[in-house]
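S.K.: Sending over entry_22.pdb (PDB, C-alpha atoms, pLDDT in the B column).
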```pdb
ATOM      1  CA  MET A  19     -12.105   1.932   7.512  1.00 83.00           C
ATOM      2  CA  ILE A  20      -9.016   0.104   6.307  1.00 93.00           C
ATOM      3  CA  LYS A  21      -8.332  -3.533   7.088  1.00 97.00           C
ATOM      4  CA  ALA A  22      -4.750  -3.875   5.858  1.00 98.00           C
ATOM      5  CA  ILE A  23      -1.495  -2.050   5.241  1.00 98.00           C
ATOM      6  CA  ILE A  24       0.904  -3.280   2.588  1.00 98.00           C
ATOM      7  CA  PHE A  25       4.462  -1.964   2.682  1.00 98.00           C
ATOM      8  CA  ASP A  26       6.984  -1.584  -0.074  1.00 98.00           C
ATOM      9  CA  PHE A  27      10.485  -2.480   1.113  1.00 97.00           C
ATOM     10  CA  ASP A  28      13.403  -0.765  -0.664  1.00 96.00           C
ATOM     11  CA  GLY A  29      13.405   2.931   0.120  1.00 94.00           C
ATOM     12  CA  THR A  30      10.277   2.650   2.252  1.00 96.00           C
ATOM     13  CA  ILE A  31      11.208   0.464   5.219  1.00 97.00           C
ATOM     14  CA  LEU A  32      14.947   0.816   4.711  1.00 96.00           C
ATOM     15  CA  ASP A  33      16.582   3.267   2.326  1.00 94.00           C
ATOM     16  CA  THR A  34      18.614   0.878   0.209  1.00 92.00           C
ATOM     17  CA  GLU A  35      18.015   3.029  -2.884  1.00 90.00           C
ATOM     18  CA  THR A  36      20.022   6.155  -2.088  1.00 90.00           C
ATOM     19  CA  PRO A  37      23.190   4.110  -1.366  1.00 93.00           C
ATOM     20  CA  TRP A  38      22.775   2.309  -4.719  1.00 91.00           C
ATOM     21  CA  TYR A  39      22.568   5.617  -6.577  1.00 92.00           C
ATOM     22  CA  TYR A  40      25.624   7.087  -4.885  1.00 93.00           C
ATOM     23  CA  ALA A  41      27.592   3.888  -5.461  1.00 93.00           C
ATOM     24  CA  PHE A  42      26.805   3.935  -9.185  1.00 91.00           C
ATOM     25  CA  ARG A  43      27.246   7.711  -9.486  1.00 94.00           C
ATOM     26  CA  ASP A  44      30.754   7.602  -8.003  1.00 93.00           C
ATOM     27  CA  ALA A  45      31.721   4.599 -10.126  1.00 91.00           C
ATOM     28  CA  TYR A  46      30.528   6.365 -13.281  1.00 92.00           C
ATOM     29  CA  LYS A  47      32.565   9.443 -12.380  1.00 93.00           C
ATOM     30  CA  GLN A  48      35.718   7.322 -12.427  1.00 92.00           C
ATOM     31  CA  HIS A  49      34.979   6.705 -16.116  1.00 91.00           C
ATOM     32  CA  GLY A  50      34.170  10.341 -16.859  1.00 92.00           C
ATOM     33  CA  VAL A  51      30.409   9.825 -17.073  1.00 92.00           C
ATOM     34  CA  GLU A  52      27.825  11.764 -15.080  1.00 93.00           C
ATOM     35  CA  LEU A  53      24.935   9.610 -13.896  1.00 92.00           C
ATOM     36  CA  SER A  54      21.937  11.883 -13.545  1.00 89.00           C
ATOM     37  CA  LEU A  55      19.202  11.122 -11.064  1.00 86.00           C
ATOM     38  CA  GLU A  56      16.680  11.541 -13.867  1.00 84.00           C
ATOM     39  CA  LEU A  57      18.258   8.659 -15.775  1.00 88.00           C
ATOM     40  CA  TYR A  58      18.827   6.460 -12.745  1.00 87.00           C
ATOM     41  CA  SER A  59      15.299   7.018 -11.436  1.00 80.00           C
ATOM     42  CA  SER A  60      13.840   4.852 -14.203  1.00 80.00           C
ATOM     43  CA  CYS A  61      15.049   1.740 -12.367  1.00 80.00           C
ATOM     44  CA  ILE A  62      13.985   2.832  -8.859  1.00 84.00           C
ATOM     45  CA  GLY A  63      11.183   0.673  -7.515  1.00 80.00           C
ATOM     46  CA  THR A  64      11.266  -1.663 -10.499  1.00 80.00           C
ATOM     47  CA  ASN A  65      13.798  -3.810 -12.371  1.00 78.00           C
ATOM     48  CA  ASN A  66      16.656  -2.909 -14.717  1.00 74.00           C
ATOM     49  CA  ASP A  67      14.782  -3.587 -17.967  1.00 75.00           C
ATOM     50  CA  GLY A  68      14.383   0.102 -18.827  1.00 75.00           C
ATOM     51  CA  PHE A  69      17.804   1.215 -17.617  1.00 83.00           C
ATOM     52  CA  ASN A  70      20.512  -1.213 -16.555  1.00 89.00           C
ATOM     53  CA  PRO A  71      23.160   0.681 -14.569  1.00 89.00           C
ATOM     54  CA  TYR A  72      25.557  -2.253 -14.811  1.00 90.00           C
ATOM     55  CA  GLU A  73      25.460  -2.237 -18.630  1.00 88.00           C
ATOM     56  CA  TYR A  74      25.046   1.445 -19.477  1.00 86.00           C
ATOM     57  CA  LEU A  75      28.719   2.402 -19.611  1.00 85.00           C
ATOM     58  CA  SER A  76      29.466  -0.262 -22.212  1.00 87.00           C
ATOM     59  CA  THR A  77      26.231  -0.179 -24.235  1.00 84.00           C
ATOM     60  CA  GLU A  78      25.771   3.608 -24.412  1.00 80.00           C
ATOM     61  CA  HIS A  79      29.317   4.938 -24.004  1.00 86.00           C
ATOM     62  CA  GLY A  80      31.379   2.139 -25.468  1.00 83.00           C
ATOM     63  CA  ILE A  81      33.534   1.942 -22.347  1.00 88.00           C
ATOM     64  CA  GLN A  82      35.110  -1.454 -21.990  1.00 86.00           C
ATOM     65  CA  ILE A  83      35.004  -2.608 -18.381  1.00 86.00           C
ATOM     66  CA  ASP A  84      35.315  -5.893 -16.590  1.00 86.00           C
ATOM     67  CA  LYS A  85      31.651  -6.400 -15.818  1.00 87.00           C
ATOM     68  CA  GLN A  86      32.227  -8.774 -12.942  1.00 90.00           C
ATOM     69  CA  SER A  87      34.757  -6.512 -11.257  1.00 91.00           C
ATOM     70  CA  PHE A  88      32.537  -3.487 -11.825  1.00 90.00           C
ATOM     71  CA  LYS A  89      29.536  -5.216 -10.265  1.00 91.00           C
ATOM     72  CA  GLN A  90      31.605  -6.428  -7.337  1.00 94.00           C
ATOM     73  CA  ALA A  91      32.934  -2.930  -6.670  1.00 91.00           C
ATOM     74  CA  ILE A  92      29.405  -1.480  -6.754  1.00 90.00           C
ATOM     75  CA  HIS A  93      28.148  -4.081  -4.301  1.00 92.00           C
ATOM     76  CA  LEU A  94      31.060  -3.504  -1.936  1.00 94.00           C
ATOM     77  CA  GLU A  95      30.424   0.242  -1.957  1.00 93.00           C
ATOM     78  CA  HIS A  96      26.695  -0.283  -1.422  1.00 91.00           C
ATOM     79  CA  THR A  97      27.362  -2.631   1.497  1.00 93.00           C
ATOM     80  CA  ALA A  98      29.649  -0.069   3.104  1.00 94.00           C
ATOM     81  CA  ARG A  99      27.044   2.667   2.725  1.00 93.00           C
ATOM     82  CA  MET A 100      24.266   0.434   4.064  1.00 91.00           C
ATOM     83  CA  GLU A 101      26.133   0.070   7.358  1.00 91.00           C
ATOM     84  CA  ARG A 102      25.124   3.664   8.062  1.00 92.00           C
ATOM     85  CA  GLU A 103      21.437   3.155   7.242  1.00 93.00           C
ATOM     86  CA  GLU A 104      18.720   2.592   9.842  1.00 94.00           C
ATOM     87  CA  ILE A 105      15.063   1.674   9.583  1.00 96.00           C
ATOM     88  CA  ARG A 106      13.128   4.684   8.331  1.00 95.00           C
ATOM     89  CA  PRO A 107      11.336   6.887  10.892  1.00 93.00           C
ATOM     90  CA  GLY A 108       7.865   5.767  11.887  1.00 94.00           C
ATOM     91  CA  ILE A 109       8.060   2.230  10.486  1.00 95.00           C
ATOM     92  CA  ARG A 110       8.290   0.410  13.807  1.00 96.00           C
ATOM     93  CA  GLU A 111       5.585   2.615  15.298  1.00 94.00           C
ATOM     94  CA  LEU A 112       3.242   1.975  12.361  1.00 95.00           C
ATOM     95  CA  LEU A 113       3.822  -1.775  12.519  1.00 96.00           C
ATOM     96  CA  GLU A 114       2.999  -1.755  16.225  1.00 96.00           C
ATOM     97  CA  HIS A 115      -0.065   0.416  15.655  1.00 93.00           C
ATOM     98  CA  ALA A 116      -1.333  -1.814  12.852  1.00 95.00           C
ATOM     99  CA  ARG A 117      -0.898  -4.936  14.943  1.00 96.00           C
ATOM    100  CA  ALA A 118      -2.639  -3.346  17.947  1.00 96.00           C
ATOM    101  CA  GLU A 119      -5.569  -2.282  15.730  1.00 94.00           C
ATOM    102  CA  GLY A 120      -5.914  -5.770  14.266  1.00 96.00           C
ATOM    103  CA  LEU A 121      -4.930  -4.711  10.751  1.00 97.00           C
ATOM    104  CA  ARG A 122      -3.525  -7.263   8.335  1.00 98.00           C
ATOM    105  CA  ILE A 123       0.089  -6.482   7.391  1.00 98.00           C
ATOM    106  CA  GLY A 124       1.726  -7.391   4.105  1.00 98.00           C
ATOM    107  CA  LEU A 125       4.728  -6.513   1.986  1.00 98.00           C
ATOM    108  CA  ALA A 126       5.077  -6.173  -1.791  1.00 98.00           C
ATOM    109  CA  SER A 127       8.574  -5.673  -3.191  1.00 98.00           C
ATOM    110  CA  SER A 128      10.168  -5.680  -6.629  1.00 96.00           C
ATOM    111  CA  SER A 129      13.302  -7.151  -5.067  1.00 95.00           C
ATOM    112  CA  SER A 130      13.955 -10.832  -4.423  1.00 96.00           C
ATOM    113  CA  TYR A 131      12.698 -12.656  -1.350  1.00 97.00           C
ATOM    114  CA  LYS A 132      16.273 -13.409  -0.271  1.00 96.00           C
ATOM    115  CA  TRP A 133      17.146  -9.702  -0.318  1.00 94.00           C
ATOM    116  CA  VAL A 134      14.027  -8.601   1.543  1.00 97.00           C
ATOM    117  CA  ASP A 135      14.095 -11.379   4.139  1.00 97.00           C
ATOM    118  CA  LYS A 136      17.738 -10.661   4.974  1.00 95.00           C
ATOM    119  CA  TYR A 137      16.999  -7.089   5.988  1.00 95.00           C
ATOM    120  CA  LEU A 138      13.634  -7.735   7.638  1.00 97.00           C
ATOM    121  CA  THR A 139      15.323 -10.332   9.816  1.00 97.00           C
ATOM    122  CA  SER A 140      18.290  -8.122  10.679  1.00 95.00           C
ATOM    123  CA  LEU A 141      15.909  -5.273  11.582  1.00 96.00           C
ATOM    124  CA  GLY A 142      13.910  -7.614  13.805  1.00 97.00           C
ATOM    125  CA  ILE A 143      10.567  -6.945  12.085  1.00 98.00           C
ATOM    126  CA  ARG A 144      10.073 -10.081   9.974  1.00 98.00           C
ATOM    127  CA  ASN A 145       7.332 -11.472  12.222  1.00 98.00           C
ATOM    128  CA  TYR A 146       5.014  -8.510  11.613  1.00 98.00           C
ATOM    129  CA  PHE A 147       4.303  -9.526   8.013  1.00 98.00           C
ATOM    130  CA  GLU A 148       1.567 -12.048   7.325  1.00 97.00           C
ATOM    131  CA  CYS A 149       2.419 -12.215   3.649  1.00 97.00           C
ATOM    132  CA  ILE A 150       5.428 -11.205   1.577  1.00 98.00           C
ATOM    133  CA  ARG A 151       5.308 -10.998  -2.204  1.00 98.00           C
ATOM    134  CA  THR A 152       8.496 -10.350  -4.163  1.00 98.00           C
ATOM    135  CA  SER A 153       9.919 -10.567  -7.675  1.00 97.00           C
ATOM    136  CA  ASP A 154      10.103 -14.336  -7.139  1.00 97.00           C
ATOM    137  CA  ASP A 155       6.295 -14.496  -7.216  1.00 98.00           C
ATOM    138  CA  VAL A 156       5.414 -12.508 -10.347  1.00 97.00           C
ATOM    139  CA  ALA A 157       6.199 -12.272 -14.052  1.00 96.00           C
ATOM    140  CA  GLU A 158       6.340  -8.462 -13.931  1.00 96.00           C
ATOM    141  CA  VAL A 159       7.315  -6.226 -11.015  1.00 96.00           C
ATOM    142  CA  LYS A 160       6.181  -2.674 -10.306  1.00 96.00           C
ATOM    143  CA  PRO A 161       4.806  -0.517 -11.856  1.00 96.00           C
ATOM    144  CA  ASN A 162       2.754  -3.578 -12.816  1.00 97.00           C
ATOM    145  CA  PRO A 163       0.171  -4.045 -10.017  1.00 98.00           C
ATOM    146  CA  GLU A 164       0.553  -7.846  -9.755  1.00 98.00           C
ATOM    147  CA  LEU A 165       2.629  -7.737  -6.553  1.00 98.00           C
ATOM    148  CA  TYR A 166      -0.065  -5.749  -4.787  1.00 98.00           C
ATOM    149  CA  LEU A 167      -2.883  -7.831  -6.245  1.00 98.00           C
ATOM    150  CA  GLN A 168      -1.258 -11.001  -4.938  1.00 98.00           C
ATOM    151  CA  ALA A 169      -0.701  -9.451  -1.515  1.00 98.00           C
ATOM    152  CA  LEU A 170      -4.332  -8.326  -1.337  1.00 98.00           C
ATOM    153  CA  GLU A 171      -5.529 -11.822  -2.212  1.00 98.00           C
ATOM    154  CA  ALA A 172      -3.219 -13.424   0.372  1.00 98.00           C
ATOM    155  CA  LEU A 173      -4.467 -11.061   3.083  1.00 98.00           C
ATOM    156  CA  GLY A 174      -8.096 -11.607   2.103  1.00 98.00           C
ATOM    157  CA  VAL A 175      -8.968  -7.928   1.643  1.00 98.00           C
ATOM    158  CA  GLU A 176     -10.289  -5.794  -1.184  1.00 97.00           C
ATOM    159  CA  ALA A 177      -8.171  -3.034  -2.713  1.00 97.00           C
ATOM    160  CA  ALA A 178     -10.432  -0.354  -1.217  1.00 95.00           C
ATOM    161  CA  GLU A 179      -9.786  -1.828   2.236  1.00 96.00           C
ATOM    162  CA  ALA A 180      -5.993  -1.527   2.070  1.00 97.00           C
ATOM    163  CA  VAL A 181      -3.371   1.207   1.979  1.00 97.00           C
ATOM    164  CA  ALA A 182       0.047   0.888   0.363  1.00 98.00           C
ATOM    165  CA  ILE A 183       3.128   2.557   1.845  1.00 98.00           C
ATOM    166  CA  GLU A 184       5.510   3.622  -0.913  1.00 97.00           C
ATOM    167  CA  ASP A 185       8.455   5.901  -1.638  1.00 95.00           C
ATOM    168  CA  SER A 186       8.857   5.857  -5.430  1.00 92.00           C
ATOM    169  CA  PRO A 187       6.795   6.799  -8.497  1.00 92.00           C
ATOM    170  CA  ASN A 188       6.963   3.250  -9.898  1.00 92.00           C
ATOM    171  CA  GLY A 189       5.775   1.759  -6.622  1.00 95.00           C
ATOM    172  CA  ALA A 190       2.987   4.298  -6.246  1.00 95.00           C
ATOM    173  CA  ARG A 191       1.816   3.603  -9.805  1.00 95.00           C
ATOM    174  CA  ALA A 192       1.589  -0.102  -8.975  1.00 97.00           C
ATOM    175  CA  ALA A 193      -0.503   0.551  -5.877  1.00 97.00           C
ATOM    176  CA  ILE A 194      -2.886   2.883  -7.701  1.00 96.00           C
ATOM    177  CA  ALA A 195      -3.198   0.444 -10.608  1.00 97.00           C
ATOM    178  CA  ALA A 196      -4.206  -2.208  -8.064  1.00 97.00           C
ATOM    179  CA  GLY A 197      -6.995   0.099  -6.884  1.00 96.00           C
ATOM    180  CA  MET A 198      -5.464   1.002  -3.522  1.00 96.00           C
ATOM    181  CA  HIS A 199      -4.907   4.259  -1.711  1.00 94.00           C
ATOM    182  CA  CYS A 200      -1.197   4.987  -1.362  1.00 96.00           C
ATOM    183  CA  VAL A 201       0.716   6.860   1.309  1.00 96.00           C
ATOM    184  CA  VAL A 202       3.873   8.202  -0.321  1.00 95.00           C
ATOM    185  CA  VAL A 203       6.766   8.940   2.027  1.00 95.00           C
ATOM    186  CA  PRO A 204       9.758   9.735  -0.198  1.00 93.00           C
ATOM    187  CA  ASN A 205      13.333   9.234   0.943  1.00 90.00           C
ATOM    188  CA  GLU A 206      16.413  11.366   0.234  1.00 86.00           C
ATOM    189  CA  LEU A 207      16.569  10.125  -3.343  1.00 86.00           C
ATOM    190  CA  THR A 208      12.920   9.879  -4.358  1.00 89.00           C
ATOM    191  CA  LYS A 209      11.796  13.185  -2.850  1.00 87.00           C
ATOM    192  CA  VAL A 210      13.102  14.990  -5.927  1.00 83.00           C
ATOM    193  CA  LEU A 211      11.258  12.738  -8.385  1.00 85.00           C
ATOM    194  CA  ALA A 212       7.963  13.587 -10.057  1.00 86.00           C
ATOM    195  CA  PHE A 213       4.925  11.600  -8.928  1.00 88.00           C
ATOM    196  CA  ASP A 214       1.780  11.232 -11.018  1.00 87.00           C
ATOM    197  CA  ALA A 215      -1.221  13.282  -9.991  1.00 84.00           C
ATOM    198  CA  SER A 216      -3.865  11.128  -8.323  1.00 85.00           C
ATOM    199  CA  PRO A 217      -6.528  11.664  -5.649  1.00 82.00           C
ATOM    200  CA  LEU A 218      -5.491   8.248  -4.272  1.00 82.00           C
ATOM    201  CA  TYR A 219      -2.043   9.555  -3.278  1.00 87.00           C
ATOM    202  CA  TYR A 220      -1.363  10.926   0.182  1.00 91.00           C
ATOM    203  CA  HIS A 221       2.063  12.578   0.391  1.00 90.00           C
ATOM    204  CA  ALA A 222       3.859  13.006   3.699  1.00 90.00           C
ATOM    205  CA  ASP A 223       7.379  13.849   4.789  1.00 88.00           C
ATOM    206  CA  SER A 224       7.041  11.368   7.646  1.00 87.00           C
ATOM    207  CA  LEU A 225       4.693   8.546   8.626  1.00 89.00           C
ATOM    208  CA  ALA A 226       4.133  10.425  11.878  1.00 82.00           C
ATOM    209  CA  GLU A 227       2.277  13.096   9.884  1.00 85.00           C
ATOM    210  CA  VAL A 228      -0.283  10.714   8.386  1.00 88.00           C
ATOM    211  CA  ASP A 229      -3.903  11.054   9.529  1.00 83.00           C
ATOM    212  CA  TRP A 230      -5.003   7.420   9.324  1.00 81.00           C
ATOM    213  CA  SER A 231      -8.624   8.308  10.087  1.00 78.00           C
ATOM    214  CA  ARG A 232      -9.003   9.602   6.528  1.00 80.00           C
ATOM    215  CA  PHE A 233      -8.750   6.114   5.069  1.00 79.00           C
TER     216      PHE A 233
END
```
Can the structure from this file be put into structure tokens for me?
M.R.:
Amino acid sequence: MIKAIIFDFDGTILDTETPWYYAFRDAYKQHGVELSLELYSSCIGTNNDGFNPYEYLSTEHGIQIDKQSFKQAIHLEHTARMEREEIRPGIRELLEHARAEGLRIGLASSSSYKWVDKYLTSLGIRNYFECIRTSDDVAEVKPNPELYLQALEALGVEAAEAVAIEDSPNGARAAIAAGMHCVVVPNELTKVLAFDASPLYYHADSLAEVDWSRF
């Protein structure tokens, strides 16, 4: 019997990831460079240490761009695309179910607190979360398990008593490394990515499909 559910944010609660990819992909095309999903996926659910999409054109292709203008254009395009995004299916229902069942509810995100709080507030779901751990709280983000370990400690539950809700390989790796079961519900972007094989993963196309009695 589980005692807590810990959500990822980007791509899981709200699909902020697919708009980022399309914004970068279209910007790269303007410079004659194809941005493959395989390359871009290395920064999904983590930071830009492995692949920095803002720097790649100049460092790997020698294309001289105004970095500030480039970043501003990407952010404007992402903002425009985000206006069409809604909370992912099943999130509100799961939050309500968890609260009704007396489960502890947490969030562990590789993004900043400011970023996460802005969207949780605008979606009207901020008050569901007893603890929120973000990149502001740790030295290393996912796939390092520290975000989940901190969330588990804050909620007062053991790893075996909690389930993570994730959408990306990096996020799922972090949850498994923390010793948790992980429900993986990929979005438009991450559904084509390869996930590690693990008996602790439970894949579903929708949260509505998940049999919570198995945990």
S.K.: Separation of atom CA of Arg99 of chain A and atom CA of Ala41 of chain A, in Å?
M.R.: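 Pair atom CA of Arg99 of chain A / atom CA of Ala41 of chain A returns 8.3 Å.
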S.K.: Nearest residue to Ser153 of chain A out of A:Tyr220, A:Thr30, A:Thr64, A:His199, using all atoms listed in the file?
M.R.: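 Selected residue with least distance to Ser153 of chain A: A:Thr64.
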S.K.: How would you write, as a VMD selection string, the residues chosen by the PyMOL selection byres ((chain A and resi 193) around 10) on this structure?
M.R.: chain A and resid 24 26 126 160 to 167 177 180 to 184 187 to 192 194 to 201 218 to 219
S.K.: Mind writing the picked residues with C-alpha atoms as a JSON list (two decimals), in the frame of the given file?
M.R.:
```json
[["chain", "number", "residue", "atom", "x", "y", "z"],
["A", 24, "ILE", "CA", 0.90, -3.28, 2.59],
["A", 26, "ASP", "CA", 6.98, -1.58, -0.07],
["A", 126, "ALA", "CA", 5.08, -6.17, -1.79],
["A", 160, "LYS", "CA", 6.18, -2.67, -10.31],
["A", 161, "PRO", "CA", 4.81, -0.52, -11.86],
["A", 162, "ASN", "CA", 2.75, -3.58, -12.82],
["A", 163, "PRO", "CA", 0.17, -4.04, -10.02],
["A", 164, "GLU", "CA", 0.55, -7.85, -9.76],
["A", 165, "LEU", "CA", 2.63, -7.74, -6.55],
["A", 166, "TYR", "CA", -0.06, -5.75, -4.79],
["A", 167, "LEU", "CA", -2.88, -7.83, -6.24],
["A", 177, "ALA", "CA", -8.17, -3.03, -2.71],
["A", 180, "ALA", "CA", -5.99, -1.53, 2.07],
["A", 181, "VAL", "CA", -3.37, 1.21, 1.98],
["A", 182, "ALA", "CA", 0.05, 0.89, 0.36],
["A", 183, "ILE", "CA", 3.13, 2.56, 1.84],
["A", 184, "GLU", "CA", 5.51, 3.62, -0.91],
["A", 187, "PRO", "CA", 6.80, 6.80, -8.50],
["A", 188, "ASN", "CA", 6.96, 3.25, -9.90],
["A", 189, "GLY", "CA", 5.78, 1.76, -6.62],
["A", 190, "ALA", "CA", 2.99, 4.30, -6.25],
["A", 191, "ARG", "CA", 1.82, 3.60, -9.80],
["A", 192, "ALA", "CA", 1.59, -0.10, -8.98],
["A", 194, "ILE", "CA", -2.89, 2.88, -7.70],
["A", 195, "ALA", "CA", -3.20, 0.44, -10.61],
["A", 196, "ALA", "CA", -4.21, -2.21, -8.06],
["A", 197, "GLY", "CA", -7.00, 0.10, -6.88],
["A", 198, "MET", "CA", -5.46, 1.00, -3.52],
["A", 199, "HIS", "CA", -4.91, 4.26, -1.71],
["A", 200, "CYS", "CA", -1.20, 4.99, -1.36],
["A", 201, "VAL", "CA", 0.72, 6.86, 1.31],
["A", 218, "LEU", "CA", -5.49, 8.25, -4.27],
["A", 219, "TYR", "CA", -2.04, 9.56, -3.28]]
```
S.K.: What does the structure give for the distance between atom CA of Glu158 of chain A and atom CA of Ala116 of chain A, in Å to one decimal?
M.R.: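 Calculated distance between atom CA of Glu158 of chain A and atom CA of Ala116 of chain A is 28.6 Å.
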S.K.: Measuring atom to atom with only C-alpha atoms, identify which of A:Thr97, A:Tyr46, A:Glu103, A:Tyr131 is nearest to Leu75 of chain A.
M.R.: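 So, comparing all the options, the nearest one is A:Tyr46.
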S.K.: Where atoms are missing, can you supply N, CA and C atoms for segment 196-222 of chain A and output the lot as a PDB file, in the frame of the given file?
M.R.:
```
ATOM      1  N   ALA A 196      -3.542  -1.111  -8.770  1.00 97.00           N
ATOM      2  CA  ALA A 196      -4.206  -2.208  -8.064  1.00 97.00           C
ATOM      3  C   ALA A 196      -5.513  -1.749  -7.415  1.00 97.00           C
ATOM      4  N   GLY A 197      -5.763  -0.440  -7.447  1.00 96.00           N
ATOM      5  CA  GLY A 197      -6.995   0.099  -6.884  1.00 96.00           C
ATOM      6  C   GLY A 197      -6.898   0.521  -5.438  1.00 96.00           C
ATOM      7  N   MET A 198      -5.672   0.673  -4.929  1.00 96.00           N
ATOM      8  CA  MET A 198      -5.464   1.002  -3.522  1.00 96.00           C
ATOM      9  C   MET A 198      -5.205   2.491  -3.326  1.00 96.00           C
ATOM     10  N   HIS A 199      -5.449   2.973  -2.119  1.00 94.00           N
ATOM     11  CA  HIS A 199      -4.907   4.259  -1.711  1.00 94.00           C
ATOM     12  C   HIS A 199      -3.428   4.050  -1.418  1.00 94.00           C
ATOM     13  N   CYS A 200      -2.650   5.122  -1.531  1.00 96.00           N
ATOM     14  CA  CYS A 200      -1.197   4.987  -1.362  1.00 96.00           C
ATOM     15  C   CYS A 200      -0.645   6.159  -0.567  1.00 96.00           C
ATOM     16  N   VAL A 201      -0.005   5.851   0.536  1.00 96.00           N
ATOM     17  CA  VAL A 201       0.716   6.860   1.309  1.00 96.00           C
ATOM     18  C   VAL A 201       2.146   6.903   0.784  1.00 96.00           C
ATOM     19  N   VAL A 202       2.546   8.029   0.254  1.00 95.00           N
ATOM     20  CA  VAL A 202       3.873   8.202  -0.321  1.00 95.00           C
ATOM     21  C   VAL A 202       4.756   8.968   0.652  1.00 95.00           C
ATOM     22  N   VAL A 203       5.805   8.302   1.128  1.00 95.00           N
ATOM     23  CA  VAL A 203       6.766   8.940   2.027  1.00 95.00           C
ATOM     24  C   VAL A 203       8.135   8.832   1.373  1.00 95.00           C
ATOM     25  N   PRO A 204       8.502   9.815   0.544  1.00 93.00           N
ATOM     26  CA  PRO A 204       9.758   9.735  -0.198  1.00 93.00           C
ATOM     27  C   PRO A 204      10.982   9.751   0.715  1.00 93.00           C
ATOM     28  N   ASN A 205      12.066   9.184   0.225  1.00 90.00           N
ATOM     29  CA  ASN A 205      13.333   9.234   0.943  1.00 90.00           C
ATOM     30  C   ASN A 205      14.226  10.307   0.325  1.00 90.00           C
ATOM     31  N   GLU A 206      15.476  10.348   0.724  1.00 86.00           N
ATOM     32  CA  GLU A 206      16.413  11.366   0.234  1.00 86.00           C
ATOM     33  C   GLU A 206      16.490  11.396  -1.286  1.00 86.00           C
ATOM     34  N   LEU A 207      16.435  10.225  -1.894  1.00 86.00           N
ATOM     35  CA  LEU A 207      16.569  10.125  -3.343  1.00 86.00           C
ATOM     36  C   LEU A 207      15.260  10.426  -4.055  1.00 86.00           C
ATOM     37  N   THR A 208      14.171   9.798  -3.604  1.00 89.00           N
ATOM     38  CA  THR A 208      12.920   9.879  -4.358  1.00 89.00           C
ATOM     39  C   THR A 208      12.136  11.167  -4.111  1.00 89.00           C
ATOM     40  N   LYS A 209      12.534  11.955  -3.127  1.00 87.00           N
ATOM     41  CA  LYS A 209      11.796  13.185  -2.850  1.00 87.00           C
ATOM     42  C   LYS A 209      11.937  14.211  -3.970  1.00 87.00           C
ATOM     43  N   VAL A 210      12.927  14.047  -4.824  1.00 83.00           N
ATOM     44  CA  VAL A 210      13.102  14.990  -5.927  1.00 83.00           C
ATOM     45  C   VAL A 210      12.491  14.473  -7.222  1.00 83.00           C
ATOM     46  N   LEU A 211      11.862  13.313  -7.191  1.00 85.00           N
ATOM     47  CA  LEU A 211      11.258  12.738  -8.385  1.00 85.00           C
ATOM     48  C   LEU A 211       9.815  13.201  -8.538  1.00 85.00           C
ATOM     49  N   ALA A 212       9.331  13.168  -9.766  1.00 86.00           N
ATOM     50  CA  ALA A 212       7.963  13.587 -10.057  1.00 86.00           C
ATOM     51  C   ALA A 212       7.004  12.409  -9.903  1.00 86.00           C
ATOM     52  N   PHE A 213       5.954  12.606  -9.109  1.00 88.00           N
ATOM     53  CA  PHE A 213       4.925  11.600  -8.928  1.00 88.00           C
ATOM     54  C   PHE A 213       3.699  11.977  -9.765  1.00 88.00           C
ATOM     55  N   ASP A 214       2.998  10.972 -10.261  1.00 87.00           N
ATOM     56  CA  ASP A 214       1.780  11.232 -11.018  1.00 87.00           C
ATOM     57  C   ASP A 214       0.748  11.905 -10.125  1.00 87.00           C
ATOM     58  N   ALA A 215      -0.134  12.663 -10.737  1.00 84.00           N
ATOM     59  CA  ALA A 215      -1.221  13.282  -9.991  1.00 84.00           C
ATOM     60  C   ALA A 215      -2.350  12.271  -9.820  1.00 84.00           C
ATOM     61  N   SER A 216      -2.770  12.062  -8.588  1.00 85.00           N
ATOM     62  CA  SER A 216      -3.865  11.128  -8.323  1.00 85.00           C
ATOM     63  C   SER A 216      -4.505  11.458  -6.985  1.00 85.00           C
ATOM     64  N   PRO A 217      -5.847  11.431  -6.934  1.00 82.00           N
ATOM     65  CA  PRO A 217      -6.528  11.664  -5.649  1.00 82.00           C
ATOM     66  C   PRO A 217      -6.312  10.514  -4.667  1.00 82.00           C
ATOM     67  N   LEU A 218      -5.744   9.395  -5.129  1.00 82.00           N
ATOM     68  CA  LEU A 218      -5.491   8.248  -4.272  1.00 82.00           C
ATOM     69  C   LEU A 218      -4.132   8.326  -3.577  1.00 82.00           C
ATOM     70  N   TYR A 219      -3.337   9.357  -3.938  1.00 87.00           N
ATOM     71  CA  TYR A 219      -2.043   9.555  -3.278  1.00 87.00           C
ATOM     72  C   TYR A 219      -2.202  10.437  -2.042  1.00 87.00           C
ATOM     73  N   TYR A 220      -1.453  10.093  -1.010  1.00 91.00           N
ATOM     74  CA  TYR A 220      -1.363  10.926   0.182  1.00 91.00           C
ATOM     75  C   TYR A 220       0.122  11.105   0.447  1.00 91.00           C
ATOM     76  N   HIS A 221       0.632  12.310   0.218  1.00 90.00           N
ATOM     77  CA  HIS A 221       2.063  12.578   0.391  1.00 90.00           C
ATOM     78  C   HIS A 221       2.354  13.065   1.801  1.00 90.00           C
ATOM     79  N   ALA A 222       3.448  12.574   2.370  1.00 90.00           N
ATOM     80  CA  ALA A 222       3.859  13.006   3.699  1.00 90.00           C
ATOM     81  C   ALA A 222       5.374  12.961   3.799  1.00 90.00           C
TER      82      ALA A 222
END
```
